$ cat final.cif   # mmCIF, N, CA and C atoms
data_model
#
loop_
_atom_site.label_atom_id
_atom_site.label_comp_id
_atom_site.auth_asym_id
_atom_site.auth_seq_id
_atom_site.Cartn_x
_atom_site.Cartn_y
_atom_site.Cartn_z
N MET A 1 45.86 -84.81 20.98
CA MET A 1 45.84 -83.59 20.20
C MET A 1 46.24 -82.38 21.06
N ASN A 2 45.66 -82.27 22.26
CA ASN A 2 45.97 -81.14 23.13
C ASN A 2 47.42 -81.17 23.59
N GLU A 3 47.95 -82.38 23.82
CA GLU A 3 49.34 -82.50 24.25
C GLU A 3 50.28 -82.01 23.16
N GLU A 4 49.99 -82.36 21.92
CA GLU A 4 50.80 -81.91 20.79
C GLU A 4 50.74 -80.38 20.66
N LEU A 5 49.57 -79.83 20.82
CA LEU A 5 49.40 -78.38 20.75
C LEU A 5 50.17 -77.68 21.86
N LEU A 6 50.10 -78.22 23.07
CA LEU A 6 50.84 -77.64 24.19
C LEU A 6 52.34 -77.74 23.97
N THR A 7 52.80 -78.84 23.41
CA THR A 7 54.23 -79.00 23.11
C THR A 7 54.68 -77.95 22.10
N ARG A 8 53.89 -77.73 21.07
CA ARG A 8 54.22 -76.71 20.07
C ARG A 8 54.23 -75.32 20.70
N LEU A 9 53.28 -75.07 21.58
CA LEU A 9 53.19 -73.78 22.25
C LEU A 9 54.41 -73.55 23.15
N VAL A 10 54.80 -74.58 23.89
CA VAL A 10 55.98 -74.48 24.75
C VAL A 10 57.22 -74.21 23.91
N ASP A 11 57.37 -74.92 22.80
CA ASP A 11 58.52 -74.72 21.92
C ASP A 11 58.55 -73.29 21.39
N ALA A 12 57.40 -72.78 20.98
CA ALA A 12 57.32 -71.41 20.47
C ALA A 12 57.68 -70.40 21.55
N LEU A 13 57.17 -70.60 22.75
CA LEU A 13 57.47 -69.69 23.86
C LEU A 13 58.94 -69.74 24.25
N GLU A 14 59.54 -70.92 24.21
CA GLU A 14 60.96 -71.03 24.51
C GLU A 14 61.79 -70.30 23.44
N GLY A 15 61.37 -70.39 22.19
CA GLY A 15 62.05 -69.68 21.12
C GLY A 15 61.95 -68.17 21.31
N ILE A 16 60.78 -67.70 21.68
CA ILE A 16 60.57 -66.27 21.94
C ILE A 16 61.44 -65.83 23.12
N ASN A 17 61.47 -66.63 24.17
CA ASN A 17 62.27 -66.30 25.34
C ASN A 17 63.75 -66.21 24.98
N SER A 18 64.22 -67.12 24.17
CA SER A 18 65.61 -67.11 23.74
C SER A 18 65.92 -65.86 22.92
N SER A 19 65.02 -65.51 22.02
CA SER A 19 65.21 -64.31 21.21
C SER A 19 65.22 -63.06 22.06
N LEU A 20 64.32 -62.99 23.02
CA LEU A 20 64.27 -61.82 23.90
C LEU A 20 65.53 -61.72 24.76
N SER A 21 66.07 -62.85 25.17
CA SER A 21 67.31 -62.84 25.95
C SER A 21 68.46 -62.31 25.11
N GLU A 22 68.53 -62.71 23.85
CA GLU A 22 69.58 -62.21 22.95
C GLU A 22 69.43 -60.71 22.72
N ILE A 23 68.21 -60.24 22.58
CA ILE A 23 67.95 -58.81 22.40
C ILE A 23 68.38 -58.05 23.65
N ALA A 24 68.07 -58.59 24.83
CA ALA A 24 68.44 -57.94 26.08
C ALA A 24 69.95 -57.79 26.19
N VAL A 25 70.70 -58.82 25.79
CA VAL A 25 72.16 -58.75 25.83
C VAL A 25 72.65 -57.66 24.89
N SER A 26 72.07 -57.58 23.70
CA SER A 26 72.46 -56.55 22.74
C SER A 26 72.16 -55.16 23.27
N LEU A 27 71.00 -54.99 23.89
CA LEU A 27 70.63 -53.68 24.44
C LEU A 27 71.54 -53.29 25.59
N ASP A 28 71.92 -54.25 26.43
CA ASP A 28 72.85 -53.95 27.53
C ASP A 28 74.19 -53.48 26.98
N SER A 29 74.66 -54.15 25.95
CA SER A 29 75.93 -53.77 25.33
C SER A 29 75.83 -52.38 24.72
N LEU A 30 74.74 -52.11 24.04
CA LEU A 30 74.53 -50.79 23.43
C LEU A 30 74.46 -49.71 24.50
N ASP A 31 73.79 -50.00 25.60
CA ASP A 31 73.66 -49.04 26.70
C ASP A 31 75.03 -48.69 27.26
N LYS A 32 75.90 -49.68 27.42
CA LYS A 32 77.24 -49.42 27.95
C LYS A 32 78.03 -48.54 26.99
N ASN A 33 77.88 -48.78 25.68
CA ASN A 33 78.58 -47.96 24.70
C ASN A 33 78.07 -46.53 24.69
N ILE A 34 76.78 -46.35 24.82
CA ILE A 34 76.19 -45.02 24.79
C ILE A 34 76.55 -44.23 26.04
N ASP A 35 76.66 -44.90 27.18
CA ASP A 35 77.02 -44.20 28.43
C ASP A 35 78.32 -43.43 28.29
N GLY A 36 79.26 -43.96 27.53
CA GLY A 36 80.52 -43.29 27.33
C GLY A 36 80.44 -42.11 26.38
N CYS A 37 79.32 -41.94 25.73
CA CYS A 37 79.15 -40.87 24.74
C CYS A 37 78.21 -39.76 25.22
N ILE A 38 77.79 -39.82 26.46
CA ILE A 38 76.86 -38.82 26.96
C ILE A 38 77.56 -37.93 27.98
N SER A 39 77.49 -36.64 27.77
CA SER A 39 78.03 -35.67 28.70
C SER A 39 76.88 -34.98 29.42
N VAL A 40 77.11 -34.65 30.67
CA VAL A 40 76.10 -33.98 31.47
C VAL A 40 76.61 -32.57 31.78
N SER A 41 75.73 -31.59 31.65
CA SER A 41 76.12 -30.20 31.93
C SER A 41 76.49 -30.05 33.40
N GLN A 42 77.16 -28.95 33.72
CA GLN A 42 77.61 -28.73 35.09
C GLN A 42 76.45 -28.65 36.08
N ASN A 43 75.31 -28.11 35.65
CA ASN A 43 74.17 -28.04 36.56
C ASN A 43 73.40 -29.36 36.62
N GLY A 44 73.78 -30.32 35.76
CA GLY A 44 73.17 -31.64 35.78
C GLY A 44 71.80 -31.71 35.13
N LYS A 45 71.33 -30.63 34.55
CA LYS A 45 69.99 -30.61 33.96
C LYS A 45 69.97 -30.96 32.48
N SER A 46 71.10 -30.83 31.83
CA SER A 46 71.16 -31.10 30.39
C SER A 46 72.12 -32.24 30.10
N ARG A 47 71.79 -33.00 29.08
CA ARG A 47 72.67 -34.07 28.63
C ARG A 47 72.96 -33.86 27.17
N TYR A 48 74.17 -34.19 26.79
CA TYR A 48 74.61 -34.01 25.41
C TYR A 48 75.16 -35.32 24.89
N LEU A 49 74.80 -35.65 23.68
CA LEU A 49 75.32 -36.84 23.03
C LEU A 49 76.56 -36.45 22.25
N CYS A 50 77.67 -37.07 22.58
CA CYS A 50 78.93 -36.79 21.90
C CYS A 50 79.03 -37.68 20.67
N ILE A 51 79.33 -37.10 19.56
CA ILE A 51 79.49 -37.85 18.32
C ILE A 51 80.93 -37.69 17.88
N SER A 52 81.59 -38.78 17.63
CA SER A 52 82.98 -38.71 17.20
C SER A 52 83.19 -39.63 16.01
N GLY A 53 84.25 -39.39 15.31
CA GLY A 53 84.58 -40.22 14.17
C GLY A 53 85.59 -39.52 13.30
N ASP A 54 85.94 -40.14 12.22
CA ASP A 54 86.90 -39.57 11.29
C ASP A 54 86.20 -38.53 10.42
N VAL A 55 86.91 -37.44 10.20
CA VAL A 55 86.39 -36.38 9.34
C VAL A 55 87.32 -36.27 8.15
N TYR A 56 86.76 -36.38 6.97
CA TYR A 56 87.54 -36.28 5.75
C TYR A 56 87.13 -35.04 4.97
N THR A 57 88.08 -34.33 4.47
CA THR A 57 87.79 -33.20 3.61
C THR A 57 88.46 -33.43 2.27
N ASN A 58 87.85 -32.92 1.24
CA ASN A 58 88.42 -33.08 -0.10
C ASN A 58 89.07 -31.80 -0.54
#
$ encode --input "final.cif" --output "structure tokens"
Amino acid sequence: MNEELLTRLVDALEGINSSLSEIAVSLDSLDKNIDGCISVSQNGKSRYLCISGDVYTN
């Protein structure tokens, strides 16, 4: 009984580890994309998020 429980626990932990690894990869990718959109002021004390995209007017 305990062996079966430990096996289930190991499987669950491996699944969690896999999910966390996938999340980490996504966050790393997002971080790289955001780095290109942040400007720093000349004095280095302020940061600005640059937003770009298509602008449509009617």
$ select_by_dssp --input "final.cif" --residues "chain A" --states "helix (DSSP H, G or I)" --output "number ranges by chain"
A: 2-35
$ select_by_dssp --input "final.cif" --residues "chain A" --states "strand (DSSP E)" --output "list in words"
Ile38, Ser39, Val40, Arg47, Tyr48 and Leu49 of chain A
$ atom_distance --input "final.cif" --atom1 "CA of Val40 in chain A" --atom2 "CA of Ser52 in chain A"
16.5 Å
$ resolve_selection --input "final.cif" --expression "the PyMOL selection byres (((chain A and resi 39 and name CA) around 8) and name CA)" --output "list in words"
Cys37, Ile38, Val40, Ser41, Arg47, Tyr48, Leu49 and Cys50 of chain A
$ atom_distance --input "final.cif" --atom1 "CA of Ser26 in chain A" --atom2 "atom C of Asp11 in chain A"
21.8 Å
$ atom_distance --input "final.cif" --atom1 "atom N of Val25 in chain A" --atom2 "atom C of Ser46 in chain A"
27.0 Å
$ axis_aligned_box --input "final.cif" --around "range 2-15 of chain A" --padding-each-side "5 Å" --output "lines of an AutoDock Vina configuration file"
center_x = 53.9
center_y = -75.3
center_z = 22.4
size_x = 26.4
size_y = 24.3
size_z = 14.7
$ decode --input "final.cif" --residues "range 40-52 of chain A" --atoms "all heavy atoms" --output "short mmCIF file (atom, residue, chain, number, x, y, z; two decimals), in the first residue's frame"
data_model
loop_
_atom_site.label_atom_id
_atom_site.label_comp_id
_atom_site.auth_asym_id
_atom_site.auth_seq_id
_atom_site.Cartn_x
_atom_site.Cartn_y
_atom_site.Cartn_z
N VAL A 40 15.20 53.16 -20.61
CA VAL A 40 15.70 53.69 -19.35
C VAL A 40 16.05 55.16 -19.57
O VAL A 40 16.65 55.51 -20.58
CB VAL A 40 16.93 52.90 -18.87
CG1 VAL A 40 17.47 53.46 -17.56
CG2 VAL A 40 16.59 51.42 -18.71
N SER A 41 15.67 56.00 -18.61
CA SER A 41 15.97 57.43 -18.73
C SER A 41 17.47 57.66 -18.70
O SER A 41 18.25 56.80 -18.30
CB SER A 41 15.30 58.21 -17.59
OG SER A 41 15.86 57.83 -16.36
N GLN A 42 17.89 58.85 -19.11
CA GLN A 42 19.32 59.15 -19.17
C GLN A 42 19.99 59.08 -17.81
O GLN A 42 21.15 58.69 -17.71
CB GLN A 42 19.52 60.53 -19.79
CG GLN A 42 19.19 60.56 -21.26
CD GLN A 42 19.41 61.94 -21.88
OE1 GLN A 42 19.64 62.91 -21.18
NE2 GLN A 42 19.33 62.00 -23.19
N ASN A 43 19.27 59.43 -16.75
CA ASN A 43 19.88 59.35 -15.42
C ASN A 43 19.81 57.93 -14.85
O ASN A 43 20.37 57.66 -13.80
CB ASN A 43 19.24 60.35 -14.46
CG ASN A 43 17.77 60.07 -14.18
OD1 ASN A 43 17.24 59.02 -14.55
ND2 ASN A 43 17.11 61.00 -13.53
N GLY A 44 19.13 57.03 -15.56
CA GLY A 44 19.06 55.63 -15.15
C GLY A 44 18.11 55.35 -14.01
O GLY A 44 18.03 54.22 -13.54
N LYS A 45 17.37 56.34 -13.55
CA LYS A 45 16.49 56.15 -12.41
C LYS A 45 15.06 55.78 -12.80
O LYS A 45 14.32 55.27 -11.99
CB LYS A 45 16.47 57.41 -11.55
CG LYS A 45 17.79 57.69 -10.88
CD LYS A 45 17.72 58.90 -9.98
CE LYS A 45 19.06 59.16 -9.31
NZ LYS A 45 19.02 60.32 -8.43
N SER A 46 14.69 56.07 -14.03
CA SER A 46 13.32 55.79 -14.47
C SER A 46 13.33 54.80 -15.62
O SER A 46 14.24 54.80 -16.44
CB SER A 46 12.64 57.08 -14.93
OG SER A 46 12.58 58.01 -13.88
N ARG A 47 12.31 53.99 -15.66
CA ARG A 47 12.14 53.05 -16.76
C ARG A 47 10.77 53.28 -17.37
O ARG A 47 9.80 53.55 -16.68
CB ARG A 47 12.25 51.61 -16.27
CG ARG A 47 13.63 51.28 -15.80
CD ARG A 47 13.71 49.87 -15.31
NE ARG A 47 15.04 49.60 -14.83
CZ ARG A 47 15.65 48.45 -14.99
NH1 ARG A 47 15.04 47.48 -15.59
NH2 ARG A 47 16.85 48.28 -14.54
N TYR A 48 10.72 53.12 -18.67
CA TYR A 48 9.48 53.34 -19.40
C TYR A 48 9.17 52.12 -20.25
O TYR A 48 10.04 51.57 -20.90
CB TYR A 48 9.60 54.57 -20.31
CG TYR A 48 9.97 55.83 -19.57
CD1 TYR A 48 11.29 56.23 -19.47
CD2 TYR A 48 8.99 56.59 -18.95
CE1 TYR A 48 11.64 57.37 -18.77
CE2 TYR A 48 9.33 57.73 -18.25
CZ TYR A 48 10.65 58.11 -18.16
OH TYR A 48 11.00 59.24 -17.47
N LEU A 49 7.93 51.73 -20.24
CA LEU A 49 7.48 50.62 -21.07
C LEU A 49 7.00 51.18 -22.39
O LEU A 49 6.13 52.05 -22.43
CB LEU A 49 6.33 49.86 -20.38
CG LEU A 49 5.76 48.68 -21.14
CD1 LEU A 49 6.84 47.63 -21.38
CD2 LEU A 49 4.60 48.07 -20.38
N CYS A 50 7.62 50.73 -23.46
CA CYS A 50 7.25 51.19 -24.80
C CYS A 50 6.12 50.30 -25.32
O CYS A 50 6.22 49.08 -25.29
CB CYS A 50 8.44 51.09 -25.74
SG CYS A 50 9.89 51.97 -25.16
N ILE A 51 5.09 50.90 -25.80
CA ILE A 51 3.97 50.17 -26.36
C ILE A 51 3.87 50.53 -27.83
O ILE A 51 3.84 51.71 -28.18
CB ILE A 51 2.65 50.49 -25.64
CG1 ILE A 51 2.78 50.12 -24.16
CG2 ILE A 51 1.48 49.78 -26.28
CD1 ILE A 51 1.63 50.55 -23.30
N SER A 52 3.85 49.55 -28.67
CA SER A 52 3.76 49.82 -30.11
C SER A 52 2.70 48.92 -30.72
O SER A 52 2.30 47.92 -30.16
CB SER A 52 5.11 49.59 -30.78
OG SER A 52 5.49 48.24 -30.63
#
